[in-house]
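Colleague: Contents of model-v8.txt (compact mmCIF, C-alpha atoms and all ligand atoms) are given next:
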```
# COMPACT_ATOMS: atom_id res chain seq x y z
CA MET C 1 -131.90 63.26 -101.98
CA THR C 2 -130.34 66.66 -101.29
CA SER C 3 -130.74 68.34 -97.95
CA THR C 4 -132.91 71.46 -98.05
CA THR C 5 -132.05 73.35 -94.89
CA ALA C 6 -133.53 76.77 -95.65
CA THR C 7 -131.48 79.79 -94.56
CA PRO C 8 -133.79 82.36 -93.00
CA PRO C 9 -134.09 85.57 -95.03
CA PRO C 10 -131.96 88.36 -93.55
CA LEU C 11 -133.53 90.77 -91.10
CA LEU C 12 -131.34 93.60 -92.33
CA GLN C 13 -129.88 93.98 -95.81
CA VAL C 14 -127.52 96.80 -96.72
CA GLN C 15 -126.41 97.14 -100.34
CA ASP C 16 -124.07 99.61 -102.03
CA LEU C 17 -124.49 102.08 -99.19
CA CYS C 18 -122.73 105.41 -99.76
CA MET C 19 -122.66 108.55 -97.65
CA ARG C 20 -120.94 111.66 -98.85
CA PHE C 21 -120.13 114.75 -96.78
CA GLY C 22 -119.02 117.39 -99.29
CA GLY C 23 -115.81 116.01 -100.79
CA LEU C 24 -115.53 113.13 -98.32
CA LEU C 25 -116.99 109.73 -99.15
CA ALA C 26 -117.38 108.61 -95.53
CA VAL C 27 -119.15 105.36 -96.55
CA ASP C 28 -118.19 103.83 -99.87
CA ARG C 29 -120.30 100.96 -101.24
CA VAL C 30 -120.79 99.11 -97.98
CA ALA C 31 -122.80 95.89 -98.20
CA PHE C 32 -123.73 93.29 -95.62
CA ASP C 33 -126.73 91.49 -94.25
CA VAL C 34 -127.68 90.39 -90.77
CA ALA C 35 -129.66 87.20 -90.10
CA PRO C 36 -132.42 87.07 -87.49
CA LYS C 37 -130.93 86.62 -83.99
CA GLU C 38 -127.40 87.11 -85.29
CA VAL C 39 -124.85 89.23 -83.42
CA PHE C 40 -123.03 91.12 -86.16
CA ALA C 41 -120.18 93.55 -85.49
CA ILE C 42 -118.73 96.40 -87.53
CA ILE C 43 -115.14 97.21 -86.65
CA GLY C 44 -112.42 99.41 -88.11
CA PRO C 45 -109.96 102.15 -87.20
CA ASN C 46 -111.18 105.58 -86.05
CA GLY C 47 -112.93 107.50 -88.80
CA ALA C 48 -113.55 104.35 -90.89
CA GLY C 49 -117.24 105.23 -91.28
CA LYS C 50 -118.85 102.84 -88.80
CA THR C 51 -121.02 105.37 -87.00
CA THR C 52 -122.03 106.88 -90.32
CA VAL C 53 -123.34 103.45 -91.39
CA PHE C 54 -125.30 103.33 -88.11
CA ASN C 55 -126.67 106.80 -88.71
CA CYS C 56 -127.85 105.82 -92.20
CA ILE C 57 -129.58 102.65 -90.96
CA SER C 58 -131.23 104.33 -87.98
CA GLY C 59 -132.56 107.24 -90.02
CA PHE C 60 -130.29 109.98 -88.67
CA TYR C 61 -128.74 110.47 -92.11
CA GLN C 62 -130.29 110.14 -95.52
CA PRO C 63 -127.81 107.97 -97.45
CA SER C 64 -126.34 109.44 -100.66
CA ALA C 65 -126.91 106.09 -102.41
CA GLY C 66 -127.71 102.47 -101.73
CA GLN C 67 -130.43 100.30 -100.29
CA ILE C 68 -131.31 99.41 -96.72
CA GLN C 69 -134.02 96.82 -96.18
CA LEU C 70 -135.59 95.59 -92.97
CA ALA C 71 -137.28 92.20 -93.41
CA GLY C 72 -137.55 92.90 -97.12
CA SER C 73 -138.96 96.47 -96.89
CA SER C 74 -136.92 99.53 -97.69
CA ILE C 75 -136.13 101.85 -94.77
CA ALA C 76 -133.46 103.95 -96.52
CA GLY C 77 -134.24 107.63 -96.09
CA HIS C 78 -136.94 107.02 -93.45
CA SER C 79 -136.82 109.31 -90.42
CA SER C 80 -135.28 108.04 -87.18
CA HIS C 81 -138.78 108.02 -85.67
CA GLN C 82 -140.18 105.89 -88.51
CA VAL C 83 -137.25 103.49 -88.31
CA ALA C 84 -137.69 103.15 -84.53
CA ASN C 85 -141.38 102.41 -85.03
CA GLN C 86 -140.36 99.53 -87.26
CA GLY C 87 -138.36 97.98 -84.44
CA VAL C 88 -134.86 99.33 -85.05
CA VAL C 89 -133.46 100.96 -81.90
CA ARG C 90 -130.00 102.12 -80.99
CA THR C 91 -127.66 103.40 -78.33
CA PHE C 92 -125.08 106.14 -78.87
CA GLN C 93 -121.35 106.44 -78.25
CA ASN C 94 -122.12 108.93 -75.49
CA VAL C 95 -124.89 107.76 -73.21
CA ARG C 96 -128.10 109.69 -73.94
CA LEU C 97 -130.43 109.29 -70.98
CA PHE C 98 -132.75 111.80 -69.34
CA LYS C 99 -130.21 112.43 -66.60
CA ALA C 100 -132.49 114.35 -64.24
CA MET C 101 -135.13 111.59 -64.36
CA THR C 102 -134.93 108.41 -62.32
CA ALA C 103 -133.96 105.09 -63.88
CA LEU C 104 -137.62 104.01 -63.66
CA GLU C 105 -138.88 107.23 -65.27
CA ASN C 106 -136.45 106.78 -68.18
CA LEU C 107 -138.04 103.39 -68.88
CA LEU C 108 -141.55 104.84 -68.60
CA VAL C 109 -140.77 107.63 -71.07
CA ALA C 110 -139.43 105.07 -73.54
CA GLN C 111 -142.81 103.32 -73.49
CA HIS C 112 -144.87 106.51 -73.65
CA ARG C 113 -143.09 107.47 -76.83
CA GLN C 114 -144.41 104.36 -78.55
CA SER C 115 -147.77 104.41 -76.76
CA ASN C 116 -150.86 104.96 -78.90
CA ALA C 117 -153.35 105.38 -76.05
CA PRO C 118 -156.03 107.92 -77.01
CA LEU C 119 -155.49 111.33 -75.44
CA LEU C 120 -158.99 111.38 -73.90
CA ALA C 121 -158.35 108.07 -72.11
CA GLY C 122 -155.46 109.78 -70.33
CA ILE C 123 -157.39 112.95 -69.54
CA PHE C 124 -160.35 111.02 -68.07
CA ASN C 125 -158.05 108.47 -66.43
CA THR C 126 -160.16 105.54 -67.64
CA ALA C 127 -159.81 102.04 -66.21
CA SER C 128 -158.09 100.80 -69.37
CA TYR C 129 -155.66 103.75 -69.24
CA ARG C 130 -154.83 103.00 -65.59
CA LYS C 131 -154.31 99.33 -66.44
CA SER C 132 -151.96 100.19 -69.27
CA GLU C 133 -150.00 102.59 -67.02
CA ALA C 134 -149.66 99.86 -64.36
CA GLU C 135 -148.40 97.46 -67.04
CA LYS C 136 -145.79 100.01 -68.09
CA ILE C 137 -144.48 100.26 -64.54
CA GLU C 138 -144.40 96.47 -64.26
CA ARG C 139 -142.50 96.17 -67.54
CA ALA C 140 -140.04 98.88 -66.45
CA LEU C 141 -139.37 97.08 -63.16
CA LYS C 142 -138.91 93.80 -65.01
CA TRP C 143 -136.24 95.38 -67.24
CA LEU C 144 -134.52 96.95 -64.24
CA ASP C 145 -134.39 93.41 -62.79
CA VAL C 146 -132.95 91.94 -66.00
CA MET C 147 -130.24 94.61 -66.01
CA GLY C 148 -129.50 94.22 -62.28
CA LEU C 149 -130.63 97.82 -61.70
CA ARG C 150 -133.76 97.30 -59.61
CA GLU C 151 -132.19 98.79 -56.47
CA PHE C 152 -131.52 102.01 -58.42
CA ALA C 153 -135.09 102.40 -59.71
CA ASN C 154 -135.58 105.73 -57.96
CA ARG C 155 -132.10 107.10 -58.45
CA GLU C 156 -131.53 109.88 -60.98
CA ALA C 157 -130.03 108.38 -64.13
CA GLY C 158 -127.27 110.99 -64.12
CA ASN C 159 -126.15 109.80 -60.67
CA LEU C 160 -125.78 106.15 -61.67
CA ALA C 161 -122.33 104.64 -62.18
CA TYR C 162 -121.31 104.87 -65.83
CA GLY C 163 -121.62 101.12 -66.41
CA HIS C 164 -125.13 101.23 -64.96
CA GLN C 165 -126.07 104.13 -67.24
CA ARG C 166 -124.99 102.04 -70.22
CA ARG C 167 -127.15 99.12 -69.06
CA LEU C 168 -130.09 101.45 -68.49
CA GLU C 169 -129.70 102.73 -72.03
CA ILE C 170 -129.88 99.15 -73.34
CA ALA C 171 -132.96 98.54 -71.17
CA ARG C 172 -134.55 101.64 -72.66
CA CYS C 173 -134.08 100.10 -76.10
CA MET C 174 -135.21 96.61 -75.12
CA ILE C 175 -138.39 97.75 -73.41
CA THR C 176 -139.78 98.79 -76.80
CA GLY C 177 -139.54 95.15 -78.01
CA PRO C 178 -137.11 95.81 -80.88
CA ARG C 179 -136.29 93.51 -83.77
CA LEU C 180 -132.86 95.03 -84.29
CA LEU C 181 -130.78 96.42 -81.41
CA MET C 182 -127.91 98.61 -82.57
CA LEU C 183 -125.17 99.23 -80.01
CA ASP C 184 -122.59 101.94 -80.74
CA GLU C 185 -119.44 101.17 -78.73
CA PRO C 186 -121.29 99.70 -75.74
CA ALA C 187 -118.04 98.69 -73.97
CA ALA C 188 -116.48 102.17 -74.10
CA GLY C 189 -115.60 103.29 -70.57
CA LEU C 190 -116.45 99.95 -68.95
CA ASN C 191 -114.06 98.09 -66.63
CA PRO C 192 -113.04 94.47 -67.40
CA GLN C 193 -115.77 92.95 -65.20
CA GLU C 194 -118.43 95.21 -66.74
CA LYS C 195 -117.25 94.13 -70.21
CA LYS C 196 -117.68 90.47 -69.25
CA ASP C 197 -121.15 91.24 -67.92
CA LEU C 198 -121.98 93.07 -71.15
CA GLN C 199 -120.98 90.05 -73.22
CA GLN C 200 -123.26 87.85 -71.12
CA LEU C 201 -126.04 90.39 -71.42
CA ILE C 202 -125.84 90.48 -75.22
CA ASP C 203 -125.95 86.66 -75.33
CA GLN C 204 -128.93 86.70 -72.96
CA LEU C 205 -130.87 89.31 -74.94
CA ARG C 206 -130.50 87.27 -78.09
CA ARG C 207 -131.28 83.94 -76.42
CA ASP C 208 -134.20 85.02 -74.24
CA TRP C 209 -135.75 87.83 -76.31
CA GLY C 210 -134.77 86.76 -79.81
CA VAL C 211 -133.31 90.16 -80.62
CA THR C 212 -130.83 90.66 -83.47
CA VAL C 213 -127.78 92.73 -82.53
CA LEU C 214 -125.70 95.04 -84.71
CA LEU C 215 -122.67 96.28 -82.88
CA ILE C 216 -119.87 98.81 -83.36
CA GLU C 217 -117.03 98.11 -80.97
CA HIS C 218 -113.32 98.76 -80.54
CA ASP C 219 -112.83 96.22 -77.75
CA MET C 220 -111.57 93.17 -79.64
CA GLY C 221 -112.12 90.79 -76.72
CA LEU C 222 -115.81 91.62 -76.71
CA VAL C 223 -116.13 91.64 -80.50
CA MET C 224 -114.43 88.27 -80.92
CA GLY C 225 -116.33 86.76 -77.99
CA VAL C 226 -119.83 87.85 -78.87
CA SER C 227 -120.08 88.21 -82.66
CA GLU C 228 -121.03 85.57 -85.17
CA ARG C 229 -119.77 87.61 -88.10
CA ILE C 230 -117.73 90.78 -88.40
CA LEU C 231 -117.49 93.45 -91.08
CA VAL C 232 -114.25 95.42 -91.18
CA MET C 233 -114.22 98.94 -92.62
CA GLU C 234 -111.32 101.21 -93.49
CA TYR C 235 -111.58 104.68 -95.05
CA GLY C 236 -115.30 104.14 -95.67
CA LYS C 237 -114.81 100.87 -97.54
CA PRO C 238 -115.61 97.32 -96.48
CA ILE C 239 -112.30 95.41 -96.48
CA ALA C 240 -113.29 92.07 -94.92
CA LEU C 241 -116.37 90.19 -93.79
CA GLY C 242 -116.39 86.85 -92.02
CA VAL C 243 -116.42 84.83 -88.83
CA PRO C 244 -114.16 86.02 -85.96
CA GLU C 245 -111.45 83.43 -86.63
CA ALA C 246 -111.14 84.46 -90.28
CA ILE C 247 -111.12 88.17 -89.43
CA ARG C 248 -108.45 87.68 -86.78
CA ASN C 249 -106.14 86.14 -89.40
CA ASP C 250 -107.02 88.39 -92.35
CA GLU C 251 -103.92 90.21 -93.58
CA ARG C 252 -105.77 93.32 -94.75
CA VAL C 253 -107.35 93.62 -91.33
CA ILE C 254 -104.07 93.17 -89.49
CA LYS C 255 -102.50 95.80 -91.76
CA ALA C 256 -105.38 98.24 -91.23
CA TYR C 257 -104.93 98.00 -87.47
CA LEU C 258 -101.13 97.95 -87.40
CA GLY C 259 -101.07 100.84 -89.85
CA GLU C 260 -103.07 102.83 -87.35
CA ALA C 261 -100.43 102.62 -84.60
N1 LIG U 1 -121.93 114.96 -90.13
C1 LIG U 1 -120.71 114.88 -90.69
N2 LIG U 1 -120.24 115.86 -91.49
C2 LIG U 1 -119.02 115.77 -92.05
N3 LIG U 1 -118.18 114.72 -91.89
C3 LIG U 1 -118.60 113.71 -91.11
C4 LIG U 1 -119.89 113.73 -90.47
N4 LIG U 1 -120.02 112.58 -89.76
C5 LIG U 1 -118.89 111.89 -89.94
N5 LIG U 1 -118.03 112.56 -90.75
C6 LIG U 1 -116.72 112.11 -91.20
O1 LIG U 1 -116.90 110.83 -91.79
C7 LIG U 1 -115.80 109.98 -91.49
C8 LIG U 1 -116.32 108.73 -90.81
O2 LIG U 1 -116.75 109.08 -89.50
P1 LIG U 1 -117.46 108.03 -88.53
O3 LIG U 1 -117.79 108.76 -87.27
O4 LIG U 1 -118.53 107.34 -89.23
O5 LIG U 1 -116.26 107.01 -88.26
P2 LIG U 1 -116.17 105.85 -87.19
O6 LIG U 1 -115.63 104.65 -87.89
O7 LIG U 1 -117.46 105.68 -86.50
O8 LIG U 1 -115.07 106.41 -86.20
P3 LIG U 1 -114.89 106.22 -84.60
O9 LIG U 1 -114.45 104.80 -84.39
O10 LIG U 1 -113.80 107.20 -84.28
O11 LIG U 1 -116.20 106.55 -83.95
C9 LIG U 1 -114.84 110.80 -90.63
O12 LIG U 1 -113.84 111.33 -91.47
C10 LIG U 1 -115.73 111.88 -90.07
O13 LIG U 1 -114.98 113.04 -89.80
```
Output the file's structure as structure tokens, nothing else.
Ligand SMILES: Nc1ncnc2c1ncn2[C@@H]1O[C@H](COP(=O)(O)OP(=O)(O)OP(=O)(O)O)[C@@H](O)[C@H]1O
Modeller:
Amino acid sequence: MTSTTATPPPLLQVQDLCMRFGGLLAVDRVAFDVAPKEVFAIIGPNGAGKTTVFNCISGFYQPSAGQIQLAGSSIAGHSSHQVANQGVVRTFQNVRLFKAMTALENLLVAQHRQSNAPLLAGIFNTASYRKSEAEKIERALKWLDVMGLREFANREAGNLAYGHQRRLEIARCMITGPRLLMLDEPAAGLNPQEKKDLQQLIDQLRRDWGVTVLLIEHDMGLVMGVSERILVMEYGKPIALGVPEAIRNDERVIKAYLGEA
């Protein structure tokens, strides 16, 4: 009798993705899929097209060609708002928080954006509206706890240490209960201890909240430590895809990186 261990269908499937800016093919037939709860990294030299792939998936760019499917449904060409509503959330290379708001307020805003409470319930401050507002505060405090930021709840986000701002940005994504968390260079600007903490955090988010993670990162220690599979891009093209050990020893990858120096 043959074993029939079923592989789960991918959460994200990208096929033949292309993105052209005038004469530049910034993304050239990129294809990969990400399994549920997988941590999948995209790496490559500067200008390889990684962020452009992110922008296509998260609805910031309309791809020139190709398919993007989330759990079997096409999301290619959907707006960033529509994609977020389907559970795909992201961070940016440069932290984008509401800097004049407190850490707590940033997490409340994130929930209000996805709230569908009727307007009148808010105006008349009904019991159910008050209950839902209290739940939002509770959820925000819980996420501040998870991120080790509880003591900074009432501090303006712009006055937090940079590493804390990055964690708050991840909390702002996680509080919406995403299926796919996309992190664009989350280790940029972090010190070695903060990078270790980030690796633990990514493991924890996957383990405890079942989130799938798609990551762009230049820090090879983090990439190799946290990812199950890695896609390498160069000049818009995918040049290798595999487990960390295989990528580390892939000649095309070594050449792409050495060629950059
Ligand atoms: N909106 C745009 N208009 C024109 N060209 C763009 C646009 N966005 C990106 N590009 C170009 O596309 C190419 C890929 O850029 P992209 O930012 O995706 O690379 P990357 O791999 O994320 O680089 P980095 O690691 O430096 O962030 C670059 O040549 C870039 O200049």
Colleague: Check which residues of chain C sit at most 10 Å from ligand LIG 1 (chain U) using only C-alpha atoms and all ligand atoms, and return one row each with the closest pair of atoms and their distance in Å to one decimal, ordered by chain and rising number, as JSON lines.
Modeller:
```
{"residue": "C:Met19", "atom": "CA", "partner": "U:LIG1", "partner_atom": "O1", "distance": 8.5}
{"residue": "C:Arg20", "atom": "CA", "partner": "U:LIG1", "partner_atom": "N3", "distance": 8.1}
{"residue": "C:Phe21", "atom": "CA", "partner": "U:LIG1", "partner_atom": "C2", "distance": 5.0}
{"residue": "C:Gly22", "atom": "CA", "partner": "U:LIG1", "partner_atom": "C2", "distance": 7.4}
{"residue": "C:Gly23", "atom": "CA", "partner": "U:LIG1", "partner_atom": "N3", "distance": 9.3}
{"residue": "C:Leu24", "atom": "CA", "partner": "U:LIG1", "partner_atom": "O1", "distance": 7.1}
{"residue": "C:Leu25", "atom": "CA", "partner": "U:LIG1", "partner_atom": "O1", "distance": 7.4}
{"residue": "C:Ala26", "atom": "CA", "partner": "U:LIG1", "partner_atom": "O1", "distance": 4.4}
{"residue": "C:Val27", "atom": "CA", "partner": "U:LIG1", "partner_atom": "C8", "distance": 7.2}
{"residue": "C:Ile42", "atom": "CA", "partner": "U:LIG1", "partner_atom": "O6", "distance": 8.8}
{"residue": "C:Ile43", "atom": "CA", "partner": "U:LIG1", "partner_atom": "O6", "distance": 7.6}
{"residue": "C:Gly44", "atom": "CA", "partner": "U:LIG1", "partner_atom": "O6", "distance": 6.1}
{"residue": "C:Pro45", "atom": "CA", "partner": "U:LIG1", "partner_atom": "O9", "distance": 5.9}
{"residue": "C:Asn46", "atom": "CA", "partner": "U:LIG1", "partner_atom": "O10", "distance": 3.6}
{"residue": "C:Gly47", "atom": "CA", "partner": "U:LIG1", "partner_atom": "O5", "distance": 3.4}
{"residue": "C:Ala48", "atom": "CA", "partner": "U:LIG1", "partner_atom": "O6", "distance": 3.7}
{"residue": "C:Gly49", "atom": "CA", "partner": "U:LIG1", "partner_atom": "O4", "distance": 3.2}
{"residue": "C:Lys50", "atom": "CA", "partner": "U:LIG1", "partner_atom": "O6", "distance": 3.8}
{"residue": "C:Thr51", "atom": "CA", "partner": "U:LIG1", "partner_atom": "O7", "distance": 3.6}
{"residue": "C:Thr52", "atom": "CA", "partner": "U:LIG1", "partner_atom": "O4", "distance": 3.7}
{"residue": "C:Val53", "atom": "CA", "partner": "U:LIG1", "partner_atom": "O4", "distance": 6.6}
{"residue": "C:Phe54", "atom": "CA", "partner": "U:LIG1", "partner_atom": "O4", "distance": 7.9}
{"residue": "C:Asn55", "atom": "CA", "partner": "U:LIG1", "partner_atom": "O4", "distance": 8.2}
{"residue": "C:Cys56", "atom": "CA", "partner": "U:LIG1", "partner_atom": "O4", "distance": 9.9}
{"residue": "C:Phe60", "atom": "CA", "partner": "U:LIG1", "partner_atom": "N1", "distance": 9.8}
{"residue": "C:Tyr61", "atom": "CA", "partner": "U:LIG1", "partner_atom": "N1", "distance": 8.4}
{"residue": "C:Gln93", "atom": "CA", "partner": "U:LIG1", "partner_atom": "O11", "distance": 7.7}
{"residue": "C:Asp184", "atom": "CA", "partner": "U:LIG1", "partner_atom": "O11", "distance": 8.5}
{"residue": "C:Glu185", "atom": "CA", "partner": "U:LIG1", "partner_atom": "O11", "distance": 8.2}
{"residue": "C:Ile216", "atom": "CA", "partner": "U:LIG1", "partner_atom": "O7", "distance": 7.9}
{"residue": "C:Glu217", "atom": "CA", "partner": "U:LIG1", "partner_atom": "O9", "distance": 7.9}
{"residue": "C:His218", "atom": "CA", "partner": "U:LIG1", "partner_atom": "O9", "distance": 7.3}
{"residue": "C:Val232", "atom": "CA", "partner": "U:LIG1", "partner_atom": "O6", "distance": 9.9}
{"residue": "C:Met233", "atom": "CA", "partner": "U:LIG1", "partner_atom": "O6", "distance": 7.5}
{"residue": "C:Glu234", "atom": "CA", "partner": "U:LIG1", "partner_atom": "O6", "distance": 7.9}
{"residue": "C:Tyr235", "atom": "CA", "partner": "U:LIG1", "partner_atom": "C8", "distance": 7.5}
{"residue": "C:Gly236", "atom": "CA", "partner": "U:LIG1", "partner_atom": "C8", "distance": 6.8}
```
Colleague: For a test of reading the model, state the distance in Å between atom CA of Glu38 of chain C and atom CA of Thr7 of chain C, rounded to one decimal.
Modeller: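 Distance reported for this atom pair: 12.5 Å.
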Colleague: Looking at only C-alpha atoms, which of C:Arg172, C:Lys237, C:Lys131, C:Arg206 is the one that sits closest to Ala31 of chain C?
Modeller: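 Answer, going by the shortest atom-to-atom distance: C:Lys237.
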Colleague: What is the atom CA of Val89 of chain C to atom CA of Pro192 of chain C distance in Å?
Modeller: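 According to the coordinates, atom CA of Val89 of chain C and atom CA of Pro192 of chain C are separated by 25.9 Å.
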Colleague: Mind listing whatever residues come within 9 Å of the point (-125.5, 103.5, -75.6)? Use all atoms listed in the file, file coordinates, and give them as a PDB file with C-alpha atoms, keeping the file's coordinate frame.
Modeller:
```pdb
ATOM      1  CA  ARG C  90    -130.000 102.120 -80.990  1.00  0.00           C
ATOM      2  CA  THR C  91    -127.660 103.400 -78.330  1.00  0.00           C
ATOM      3  CA  PHE C  92    -125.080 106.140 -78.870  1.00  0.00           C
ATOM      4  CA  GLN C  93    -121.350 106.440 -78.250  1.00  0.00           C
ATOM      5  CA  ASN C  94    -122.120 108.930 -75.490  1.00  0.00           C
ATOM      6  CA  VAL C  95    -124.890 107.760 -73.210  1.00  0.00           C
ATOM      7  CA  ARG C  96    -128.100 109.690 -73.940  1.00  0.00           C
ATOM      8  CA  LEU C  97    -130.430 109.290 -70.980  1.00  0.00           C
ATOM      9  CA  GLN C 165    -126.070 104.130 -67.240  1.00  0.00           C
ATOM     10  CA  ARG C 166    -124.990 102.040 -70.220  1.00  0.00           C
ATOM     11  CA  ARG C 167    -127.150  99.120 -69.060  1.00  0.00           C
ATOM     12  CA  LEU C 168    -130.090 101.450 -68.490  1.00  0.00           C
ATOM     13  CA  GLU C 169    -129.700 102.730 -72.030  1.00  0.00           C
ATOM     14  CA  ILE C 170    -129.880  99.150 -73.340  1.00  0.00           C
ATOM     15  CA  MET C 182    -127.910  98.610 -82.570  1.00  0.00           C
ATOM     16  CA  LEU C 183    -125.170  99.230 -80.010  1.00  0.00           C
ATOM     17  CA  ASP C 184    -122.590 101.940 -80.740  1.00  0.00           C
ATOM     18  CA  GLU C 185    -119.440 101.170 -78.730  1.00  0.00           C
ATOM     19  CA  PRO C 186    -121.290  99.700 -75.740  1.00  0.00           C
TER      20      PRO C 186
END
```
Colleague: Name the residues in contact with Ala71 of chain C at a cut-off of 10 Å, using only C-alpha atoms, excluding same-chain residues fewer than 6 positions from it; report them as a PyMOL selection string.
Modeller: chain C and resi 9-13+35-36+179
Colleague: So, counting all atoms listed in the file, which residue among C:Val253, C:Leu141, C:Ala103, C:Ile202 is closest to Gly158 of chain C?
Modeller: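 Smallest separation from Gly158 of chain C among the options: C:Ala103.
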Colleague: Of the candidates C:Thr126, C:Ser80, C:Gln193, C:Ser227, which one gets nearest to Thr212 of chain C if we count all atoms listed in the file?
Modeller: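 For Thr212 of chain C, the nearest of the candidates is C:Ser227.
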Colleague: Find, counting only C-alpha atoms, the residue in C:Met224, C:Leu241, C:Cys18, C:Leu205 that gets nearest to Val34 of chain C.
Modeller: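 The shortest atom-to-atom distance to Val34 of chain C comes from C:Leu241.
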Colleague: How far is it from atom CA of Leu180 of chain C to atom CA of Val213 of chain C, in Å with one decimal?
Modeller: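 Distance between the two atoms: 5.8 Å.
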Colleague: For a cutoff of 10 Å around the file-coordinate point (-131.7, 93.4, -66.5), which residues qualify once you count all atoms listed in the file? I'd like the result as a ChimeraX atom specification.
Modeller: /C:140-150,167-168,170-171,174,201,204-205
Colleague: Nearest to Leu214 of chain C: which of C:Gln15, C:Ser58, C:Ser74, C:Thr102 is it, counting only C-alpha atoms?
Modeller: C:Ser58
Colleague: Compile the contact shell of Lys195 of chain C as a PyMOL selection string: residues with an atom at most 10 Å away, counting all atoms listed in the file, same-chain residues fewer than 3 positions apart removed.
Modeller: chain C and resi 163+186-192+198-201+219+221-222
Colleague: Between C:Ala41, C:Val211, C:Cys173, C:Leu108, single out the one closest to Arg139 of chain C, counting all atoms listed in the file.
Modeller: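 Checking each candidate against Arg139 of chain C, we get C:Leu108 as the closest.
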